[in-house]
Structure formats: structure tokens, C-alpha cells
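So this one's work_11.cif, mmCIF, C-alpha atoms and all ligand atoms:
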data_data
#
loop_
_atom_site.group_PDB
_atom_site.id
_atom_site.type_symbol
_atom_site.label_atom_id
_atom_site.label_comp_id
_atom_site.auth_asym_id
_atom_site.auth_seq_id
_atom_site.Cartn_x
_atom_site.Cartn_y
_atom_site.Cartn_z
ATOM 1 C CA MET Z 719 101.171 -125.517 40.528
ATOM 2 C CA GLU Z 720 103.271 -128.631 40.946
ATOM 3 C CA LEU Z 721 101.123 -130.551 38.464
ATOM 4 C CA LEU Z 722 101.368 -127.736 35.934
ATOM 5 C CA ARG Z 723 105.090 -127.437 36.489
ATOM 6 C CA ASP Z 724 105.565 -131.184 36.074
ATOM 7 C CA TYR Z 725 103.790 -131.004 32.718
ATOM 8 C CA LYS Z 726 106.114 -128.155 31.688
ATOM 9 C CA VAL Z 727 103.335 -125.895 30.477
ATOM 10 C CA GLY Z 728 105.110 -122.688 31.441
ATOM 11 C CA ILE Z 729 104.464 -122.281 35.161
ATOM 12 C CA GLU Z 730 107.583 -121.190 37.032
ATOM 13 C CA GLY Z 731 106.562 -121.512 40.684
ATOM 14 C CA VAL Z 732 109.728 -119.739 41.800
ATOM 15 C CA CYS Z 733 108.882 -119.722 45.523
ATOM 16 C CA GLY Z 734 107.943 -123.378 45.549
ATOM 17 C CA GLY Z 735 104.354 -122.753 46.551
ATOM 18 C CA SER Z 736 104.796 -120.438 49.514
ATOM 19 C CA CYS Z 737 102.472 -117.819 48.047
ATOM 20 C CA ASP Z 738 105.291 -115.347 47.687
ATOM 21 C CA CYS Z 739 106.205 -114.970 44.000
ATOM 22 C CA ALA Z 740 102.960 -115.032 41.973
ATOM 23 C CA THR Z 741 104.779 -116.743 39.095
ATOM 24 C CA CYS Z 742 102.108 -119.435 39.190
ATOM 25 C CA HIS Z 743 99.305 -117.065 38.182
ATOM 26 C CA VAL Z 744 96.417 -118.698 36.356
ATOM 27 C CA VAL Z 745 92.930 -117.607 35.385
ATOM 28 C CA VAL Z 746 90.281 -120.135 36.341
ATOM 29 C CA ALA Z 747 87.338 -120.657 34.003
ATOM 30 C CA ALA Z 748 84.246 -118.843 35.229
ATOM 31 C CA ASP Z 749 82.250 -122.016 35.765
ATOM 32 C CA TRP Z 750 85.002 -123.348 38.014
ATOM 33 C CA ALA Z 751 85.856 -120.231 39.964
ATOM 34 C CA ALA Z 752 83.018 -120.536 42.460
ATOM 35 C CA ARG Z 753 83.832 -124.181 43.055
ATOM 36 C CA LEU Z 754 87.232 -123.361 44.497
ATOM 37 C CA PRO Z 755 87.780 -122.254 48.088
ATOM 38 C CA GLU Z 756 88.037 -118.496 48.477
ATOM 39 C CA PRO Z 757 91.605 -117.163 48.255
ATOM 40 C CA ARG Z 758 93.288 -116.386 51.555
ATOM 41 C CA SER Z 759 94.533 -112.889 52.251
ATOM 42 C CA ASP Z 760 98.147 -113.770 51.441
ATOM 43 C CA GLU Z 761 97.084 -115.060 48.019
ATOM 44 C CA ILE Z 762 95.144 -111.866 47.379
ATOM 45 C CA ASP Z 763 98.143 -109.799 48.483
ATOM 46 C CA ALA Z 764 100.442 -111.706 46.108
ATOM 47 C CA LEU Z 765 97.976 -111.334 43.225
ATOM 48 C CA ASP Z 766 97.851 -107.601 43.916
ATOM 49 C CA THR Z 767 101.553 -107.357 43.093
ATOM 50 C CA LEU Z 768 100.883 -108.390 39.494
ATOM 51 C CA PRO Z 769 100.404 -105.737 36.815
ATOM 52 C CA LEU Z 770 97.342 -107.434 35.357
ATOM 53 C CA ILE Z 771 94.860 -109.722 37.050
ATOM 54 C CA GLU Z 772 91.377 -110.842 36.174
ATOM 55 C CA PRO Z 773 88.362 -111.528 38.406
ATOM 56 C CA ASN Z 774 89.098 -115.253 38.336
ATOM 57 C CA SER Z 775 92.851 -114.927 38.791
ATOM 58 C CA ARG Z 776 94.342 -117.382 41.248
ATOM 59 C CA LEU Z 777 97.738 -118.595 42.271
ATOM 60 C CA SER Z 778 97.873 -122.188 41.172
ATOM 61 C CA CYS Z 779 100.043 -123.128 44.147
ATOM 62 C CA GLN Z 780 97.097 -122.319 46.384
ATOM 63 C CA ILE Z 781 94.721 -124.632 44.531
ATOM 64 C CA ILE Z 782 95.013 -127.915 46.372
ATOM 65 C CA TRP Z 783 94.301 -130.726 43.992
ATOM 66 C CA SER Z 784 91.543 -133.210 44.752
ATOM 67 C CA ASP Z 785 89.406 -135.525 42.679
ATOM 68 C CA ASP Z 786 86.623 -132.922 42.923
ATOM 69 C CA LEU Z 787 88.728 -130.738 40.629
ATOM 70 C CA ASP Z 788 88.891 -133.297 37.849
ATOM 71 C CA GLY Z 789 88.141 -131.327 34.693
ATOM 72 C CA LEU Z 790 89.253 -127.985 36.135
ATOM 73 C CA THR Z 791 89.751 -125.530 33.306
ATOM 74 C CA LEU Z 792 92.199 -122.690 33.598
ATOM 75 C CA THR Z 793 94.409 -120.499 31.478
ATOM 76 C CA LEU Z 794 98.022 -119.645 32.118
ATOM 77 C CA ALA Z 795 98.270 -115.931 32.735
ATOM 78 C CA GLU Z 796 100.460 -113.792 30.551
ATOM 79 C CA ALA Z 797 103.950 -113.349 31.936
ATOM 80 C CA ALA Z 798 104.518 -109.885 33.367
HETATM 81 S S1 LIG F 801 104.608 -120.679 43.376
HETATM 82 FE FE1 LIG F 801 105.090 -118.761 44.212
HETATM 83 S S2 LIG F 801 103.162 -117.893 44.617
HETATM 84 FE FE2 LIG F 801 102.704 -119.795 43.734
#
Using the file provided, produce a representation of the structure as C-alpha cells.
Amino acid sequence: MELLRDYKVGIEGVCGGSCDCATCHVVVAADWAARLPEPRSDEIDALDTLPLIEPNSRLSCQIIWSDDLDGLTLTLAEAA
């Protein structure tokens, strides 16, 4: 989320990454989804507050960047 926010691509990240606002919603490309750690229950709960999610929806603030994610493909979700 912080990387996306720094690049000013349209991620708000209102709660600063505390998994509370879901304004960092992204949809991870299918070939990458299984390579990420499973979402925790609080991430799932926050995603469930959104009007529209997809199977590969994630909160970008919960994706901890590492070199293993180099090339990660995702799409910014539509604003609610
Ligand atoms: S920045 Fe608020 S849930 Fe991700």
C-alpha cells in the first residue's frame, strides 16, 4: 500500500495500514494470488465491508513487500 501510495496511483490508505478502512483494495492477478500468504481474518472482515470484491481481492496494506514479489501484478479496485 505504501509503495502504491508513494507512486500516487490512486490508493488512499486512509487508516495507514491498520487493516481498518479497505481503501487500499486491489485485485491480484490470478497467477500471483496463490503466491501470497493467505489473508488473515481481519483482512477478510475488512474486505467483506466492500460492496464489490473479487476472488483475488486483497488489501494492499497487508501485502508485505519482499524481493519474492518482484513482478507482482495487480489492479486497483474500483472506488466504492
Ligand atoms: S490502508 Fe486501510 S485497510 Fe489498508
Ligand LIG 801 (chain F) neighbours within 7 Å using all atoms listed in the file, as a PDB file with C-alpha atoms, in the frame of the given file:
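Saved the output as selection_33.pdb:
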ATOM      1  CA  MET Z 719     101.171-125.517  40.528  1.00  0.00           C
ATOM      2  CA  GLY Z 731     106.562-121.512  40.684  1.00  0.00           C
ATOM      3  CA  VAL Z 732     109.728-119.739  41.800  1.00  0.00           C
ATOM      4  CA  CYS Z 733     108.882-119.722  45.523  1.00  0.00           C
ATOM      5  CA  GLY Z 734     107.943-123.378  45.549  1.00  0.00           C
ATOM      6  CA  GLY Z 735     104.354-122.753  46.551  1.00  0.00           C
ATOM      7  CA  SER Z 736     104.796-120.438  49.514  1.00  0.00           C
ATOM      8  CA  CYS Z 737     102.472-117.819  48.047  1.00  0.00           C
ATOM      9  CA  ASP Z 738     105.291-115.347  47.687  1.00  0.00           C
ATOM     10  CA  CYS Z 739     106.205-114.970  44.000  1.00  0.00           C
ATOM     11  CA  ALA Z 740     102.960-115.032  41.973  1.00  0.00           C
ATOM     12  CA  THR Z 741     104.779-116.743  39.095  1.00  0.00           C
ATOM     13  CA  CYS Z 742     102.108-119.435  39.190  1.00  0.00           C
ATOM     14  CA  ALA Z 764     100.442-111.706  46.108  1.00  0.00           C
ATOM     15  CA  LEU Z 777      97.738-118.595  42.271  1.00  0.00           C
ATOM     16  CA  SER Z 778      97.873-122.188  41.172  1.00  0.00           C
ATOM     17  CA  CYS Z 779     100.043-123.128  44.147  1.00  0.00           C
ATOM     18  CA  GLN Z 780      97.097-122.319  46.384  1.00  0.00           C
TER      19      GLN Z 780
END
Contacts of Z:Thr793 at 12 Å (only C-alpha atoms; same-chain gap of 2+ positions) as an mmCIF file with C-alpha atoms, keeping the file's coordinate frame:
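Wrote around17.cif, looks like this:
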data_model
loop_
_atom_site.group_PDB
_atom_site.id
_atom_site.type_symbol
_atom_site.label_atom_id
_atom_site.label_comp_id
_atom_site.auth_asym_id
_atom_site.auth_seq_id
_atom_site.Cartn_x
_atom_site.Cartn_y
_atom_site.Cartn_z
ATOM 1 C CA LEU Z 722 101.368 -127.736 35.934
ATOM 2 C CA VAL Z 727 103.335 -125.895 30.477
ATOM 3 C CA GLY Z 728 105.110 -122.688 31.441
ATOM 4 C CA ILE Z 729 104.464 -122.281 35.161
ATOM 5 C CA CYS Z 742 102.108 -119.435 39.190
ATOM 6 C CA HIS Z 743 99.305 -117.065 38.182
ATOM 7 C CA VAL Z 744 96.417 -118.698 36.356
ATOM 8 C CA VAL Z 745 92.930 -117.607 35.385
ATOM 9 C CA VAL Z 746 90.281 -120.135 36.341
ATOM 10 C CA ALA Z 747 87.338 -120.657 34.003
ATOM 11 C CA ALA Z 748 84.246 -118.843 35.229
ATOM 12 C CA TRP Z 750 85.002 -123.348 38.014
ATOM 13 C CA GLU Z 772 91.377 -110.842 36.174
ATOM 14 C CA ASN Z 774 89.098 -115.253 38.336
ATOM 15 C CA SER Z 775 92.851 -114.927 38.791
ATOM 16 C CA ARG Z 776 94.342 -117.382 41.248
ATOM 17 C CA LEU Z 777 97.738 -118.595 42.271
ATOM 18 C CA SER Z 778 97.873 -122.188 41.172
ATOM 19 C CA LEU Z 790 89.253 -127.985 36.135
ATOM 20 C CA THR Z 791 89.751 -125.530 33.306
ATOM 21 C CA ALA Z 795 98.270 -115.931 32.735
ATOM 22 C CA GLU Z 796 100.460 -113.792 30.551
ATOM 23 C CA ALA Z 797 103.950 -113.349 31.936
#
Quiz item: What is the distance, in Å and to one decimal place, between atom CA of Z:Leu787 and atom CA of Z:Asp763?
Solution: 24.3 Å
Exercise. Run through the PyMOL selection byres (((chain Z and resi 757) around 9) and not hetatm) on the given coordinates and return the selected residues as an NGL selection string.
Key: :Z and (754-756 or 758-762 or 776-777 or 780-781)
Quiz item: Do you have the atom CA of Z:Asp785-atom CA of Z:Ala752 distance handy?
Solution: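 So the answer is 16.3 Å.
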As lines of an AutoDock Vina configuration file: centre and edge lengths in Å, one decimal, of the axis-aligned box holding stretch 733-750 of chain Z with 5 Å per side:
center_x = 95.6
center_y = -119.2
center_z = 41.8
size_x = 36.6
size_y = 18.4
size_z = 25.5
Exercise. Rounded to one decimal place, report the atom CA of Z:Ile782-atom CA of Z:Leu765 distance in Å.
Key: 17.1 Å
Using the structure block above, produce a file of stretch 736-780 of chain Z that contains N, CA and C atoms, as an mmCIF file, in the first residue's frame.
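What landed in out01.cif:
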data_model
loop_
_atom_site.group_PDB
_atom_site.id
_atom_site.type_symbol
_atom_site.label_atom_id
_atom_site.label_comp_id
_atom_site.auth_asym_id
_atom_site.auth_seq_id
_atom_site.Cartn_x
_atom_site.Cartn_y
_atom_site.Cartn_z
ATOM 1 N N SER Z 736 -3.642 -0.203 8.936
ATOM 2 C CA SER Z 736 -4.085 -0.979 10.101
ATOM 3 C C SER Z 736 -5.236 -1.927 9.783
ATOM 4 N N CYS Z 737 -5.486 -2.141 8.530
ATOM 5 C CA CYS Z 737 -6.490 -3.127 8.098
ATOM 6 C C CYS Z 737 -7.892 -2.730 8.547
ATOM 7 N N ASP Z 738 -8.166 -1.444 8.512
ATOM 8 C CA ASP Z 738 -9.415 -0.958 9.060
ATOM 9 C C ASP Z 738 -10.293 -0.212 8.064
ATOM 10 N N CYS Z 739 -9.744 0.221 6.919
ATOM 11 C CA CYS Z 739 -10.527 1.105 6.047
ATOM 12 C C CYS Z 739 -10.873 0.492 4.687
ATOM 13 N N ALA Z 740 -10.076 -0.443 4.236
ATOM 14 C CA ALA Z 740 -10.263 -1.112 2.940
ATOM 15 C C ALA Z 740 -10.143 -0.165 1.754
ATOM 16 N N THR Z 741 -9.563 1.015 1.960
ATOM 17 C CA THR Z 741 -9.361 1.930 0.833
ATOM 18 C C THR Z 741 -8.093 1.595 0.051
ATOM 19 N N CYS Z 742 -7.488 0.489 0.377
ATOM 20 C CA CYS Z 742 -6.288 0.037 -0.336
ATOM 21 C C CYS Z 742 -6.580 -1.238 -1.115
ATOM 22 N N HIS Z 743 -7.846 -1.447 -1.436
ATOM 23 C CA HIS Z 743 -8.298 -2.658 -2.120
ATOM 24 C C HIS Z 743 -7.645 -2.794 -3.492
ATOM 25 N N VAL Z 744 -7.084 -3.960 -3.736
ATOM 26 C CA VAL Z 744 -6.532 -4.289 -5.046
ATOM 27 C C VAL Z 744 -6.983 -5.702 -5.423
ATOM 28 N N VAL Z 745 -6.893 -5.993 -6.695
ATOM 29 C CA VAL Z 745 -7.178 -7.348 -7.170
ATOM 30 C C VAL Z 745 -5.875 -7.903 -7.739
ATOM 31 N N VAL Z 746 -5.404 -8.958 -7.142
ATOM 32 C CA VAL Z 746 -4.130 -9.563 -7.523
ATOM 33 C C VAL Z 746 -4.348 -10.481 -8.726
ATOM 34 N N ALA Z 747 -3.427 -10.424 -9.671
ATOM 35 C CA ALA Z 747 -3.517 -11.298 -10.842
ATOM 36 C C ALA Z 747 -3.566 -12.756 -10.398
ATOM 37 N N ALA Z 748 -4.341 -13.543 -11.123
ATOM 38 C CA ALA Z 748 -4.578 -14.933 -10.730
ATOM 39 C C ALA Z 748 -3.283 -15.717 -10.536
ATOM 40 N N ASP Z 749 -2.314 -15.495 -11.399
ATOM 41 C CA ASP Z 749 -1.076 -16.267 -11.278
ATOM 42 C C ASP Z 749 -0.230 -15.840 -10.078
ATOM 43 N N TRP Z 750 -0.585 -14.736 -9.464
ATOM 44 C CA TRP Z 750 0.132 -14.280 -8.278
ATOM 45 C C TRP Z 750 -0.622 -14.574 -6.996
ATOM 46 N N ALA Z 751 -1.901 -14.749 -7.085
ATOM 47 C CA ALA Z 751 -2.727 -14.859 -5.882
ATOM 48 C C ALA Z 751 -2.261 -15.980 -4.960
ATOM 49 N N ALA Z 752 -1.960 -17.123 -5.514
ATOM 50 C CA ALA Z 752 -1.561 -18.266 -4.692
ATOM 51 C C ALA Z 752 -0.152 -18.114 -4.133
ATOM 52 N N ARG Z 753 0.575 -17.165 -4.634
ATOM 53 C CA ARG Z 753 1.949 -16.963 -4.157
ATOM 54 C C ARG Z 753 2.013 -16.043 -2.946
ATOM 55 N N LEU Z 754 0.888 -15.432 -2.633
ATOM 56 C CA LEU Z 754 0.827 -14.556 -1.464
ATOM 57 C C LEU Z 754 0.367 -15.353 -0.252
ATOM 58 N N PRO Z 755 0.780 -14.937 0.935
ATOM 59 C CA PRO Z 755 0.240 -15.571 2.149
ATOM 60 C C PRO Z 755 -1.273 -15.405 2.193
ATOM 61 N N GLU Z 756 -1.942 -16.357 2.798
ATOM 62 C CA GLU Z 756 -3.396 -16.273 2.938
ATOM 63 C C GLU Z 756 -3.764 -15.022 3.744
ATOM 64 N N PRO Z 757 -4.888 -14.390 3.415
ATOM 65 C CA PRO Z 757 -5.314 -13.230 4.210
ATOM 66 C C PRO Z 757 -5.702 -13.650 5.628
ATOM 67 N N ARG Z 758 -5.398 -12.791 6.576
ATOM 68 C CA ARG Z 758 -5.812 -13.038 7.958
ATOM 69 C C ARG Z 758 -7.299 -12.715 8.077
ATOM 70 N N SER Z 759 -7.870 -13.098 9.197
ATOM 71 C CA SER Z 759 -9.307 -12.896 9.383
ATOM 72 C C SER Z 759 -9.682 -11.413 9.382
ATOM 73 N N ASP Z 760 -8.814 -10.553 9.920
ATOM 74 C CA ASP Z 760 -9.173 -9.131 9.935
ATOM 75 C C ASP Z 760 -9.150 -8.543 8.528
ATOM 76 N N GLU Z 761 -8.290 -9.055 7.661
ATOM 77 C CA GLU Z 761 -8.297 -8.607 6.266
ATOM 78 C C GLU Z 761 -9.582 -9.072 5.585
ATOM 79 N N ILE Z 762 -9.945 -10.299 5.815
ATOM 80 C CA ILE Z 762 -11.190 -10.822 5.221
ATOM 81 C C ILE Z 762 -12.385 -10.010 5.716
ATOM 82 N N ASP Z 763 -12.408 -9.715 7.002
ATOM 83 C CA ASP Z 763 -13.515 -8.925 7.563
ATOM 84 C C ASP Z 763 -13.582 -7.546 6.912
ATOM 85 N N ALA Z 764 -12.428 -6.918 6.708
ATOM 86 C CA ALA Z 764 -12.419 -5.583 6.083
ATOM 87 C C ALA Z 764 -12.861 -5.682 4.630
ATOM 88 N N LEU Z 765 -12.410 -6.699 3.918
ATOM 89 C CA LEU Z 765 -12.843 -6.879 2.524
ATOM 90 C C LEU Z 765 -14.352 -7.076 2.456
ATOM 91 N N ASP Z 766 -14.902 -7.763 3.439
ATOM 92 C CA ASP Z 766 -16.344 -8.032 3.443
ATOM 93 C C ASP Z 766 -17.178 -6.766 3.621
ATOM 94 N N THR Z 767 -16.567 -5.673 3.991
ATOM 95 C CA THR Z 767 -17.321 -4.421 4.116
ATOM 96 C C THR Z 767 -17.479 -3.716 2.777
ATOM 97 N N LEU Z 768 -16.741 -4.176 1.772
ATOM 98 C CA LEU Z 768 -16.787 -3.530 0.458
ATOM 99 C C LEU Z 768 -17.990 -4.030 -0.339
ATOM 100 N N PRO Z 769 -18.545 -3.164 -1.180
ATOM 101 C CA PRO Z 769 -19.723 -3.575 -1.955
ATOM 102 C C PRO Z 769 -19.392 -4.585 -3.055
ATOM 103 N N LEU Z 770 -18.157 -4.589 -3.509
ATOM 104 C CA LEU Z 770 -17.806 -5.483 -4.614
ATOM 105 C C LEU Z 770 -16.377 -5.976 -4.417
ATOM 106 N N ILE Z 771 -16.234 -7.271 -4.270
ATOM 107 C CA ILE Z 771 -14.899 -7.859 -4.203
ATOM 108 C C ILE Z 771 -14.823 -8.995 -5.205
ATOM 109 N N GLU Z 772 -13.617 -9.383 -5.503
ATOM 110 C CA GLU Z 772 -13.380 -10.478 -6.436
ATOM 111 C C GLU Z 772 -12.608 -11.573 -5.707
ATOM 112 N N PRO Z 773 -12.549 -12.770 -6.285
ATOM 113 C CA PRO Z 773 -11.857 -13.872 -5.590
ATOM 114 C C PRO Z 773 -10.411 -13.535 -5.212
ATOM 115 N N ASN Z 774 -9.760 -12.724 -5.991
ATOM 116 C CA ASN Z 774 -8.365 -12.386 -5.705
ATOM 117 C C ASN Z 774 -8.222 -11.011 -5.073
ATOM 118 N N SER Z 775 -9.294 -10.494 -4.510
ATOM 119 C CA SER Z 775 -9.223 -9.202 -3.828
ATOM 120 C C SER Z 775 -8.329 -9.306 -2.600
ATOM 121 N N ARG Z 776 -7.525 -8.296 -2.413
ATOM 122 C CA ARG Z 776 -6.682 -8.199 -1.216
ATOM 123 C C ARG Z 776 -6.599 -6.741 -0.787
ATOM 124 N N LEU Z 777 -6.222 -6.548 0.441
ATOM 125 C CA LEU Z 777 -5.892 -5.214 0.911
ATOM 126 C C LEU Z 777 -4.390 -5.050 0.738
ATOM 127 N N SER Z 778 -4.019 -4.068 -0.049
ATOM 128 C CA SER Z 778 -2.595 -3.938 -0.368
ATOM 129 C C SER Z 778 -1.748 -3.644 0.866
ATOM 130 N N CYS Z 779 -2.350 -3.086 1.904
ATOM 131 C CA CYS Z 779 -1.555 -2.822 3.112
ATOM 132 C C CYS Z 779 -1.173 -4.104 3.828
ATOM 133 N N GLN Z 780 -1.803 -5.197 3.477
ATOM 134 C CA GLN Z 780 -1.499 -6.471 4.122
ATOM 135 C C GLN Z 780 -0.543 -7.316 3.282
#
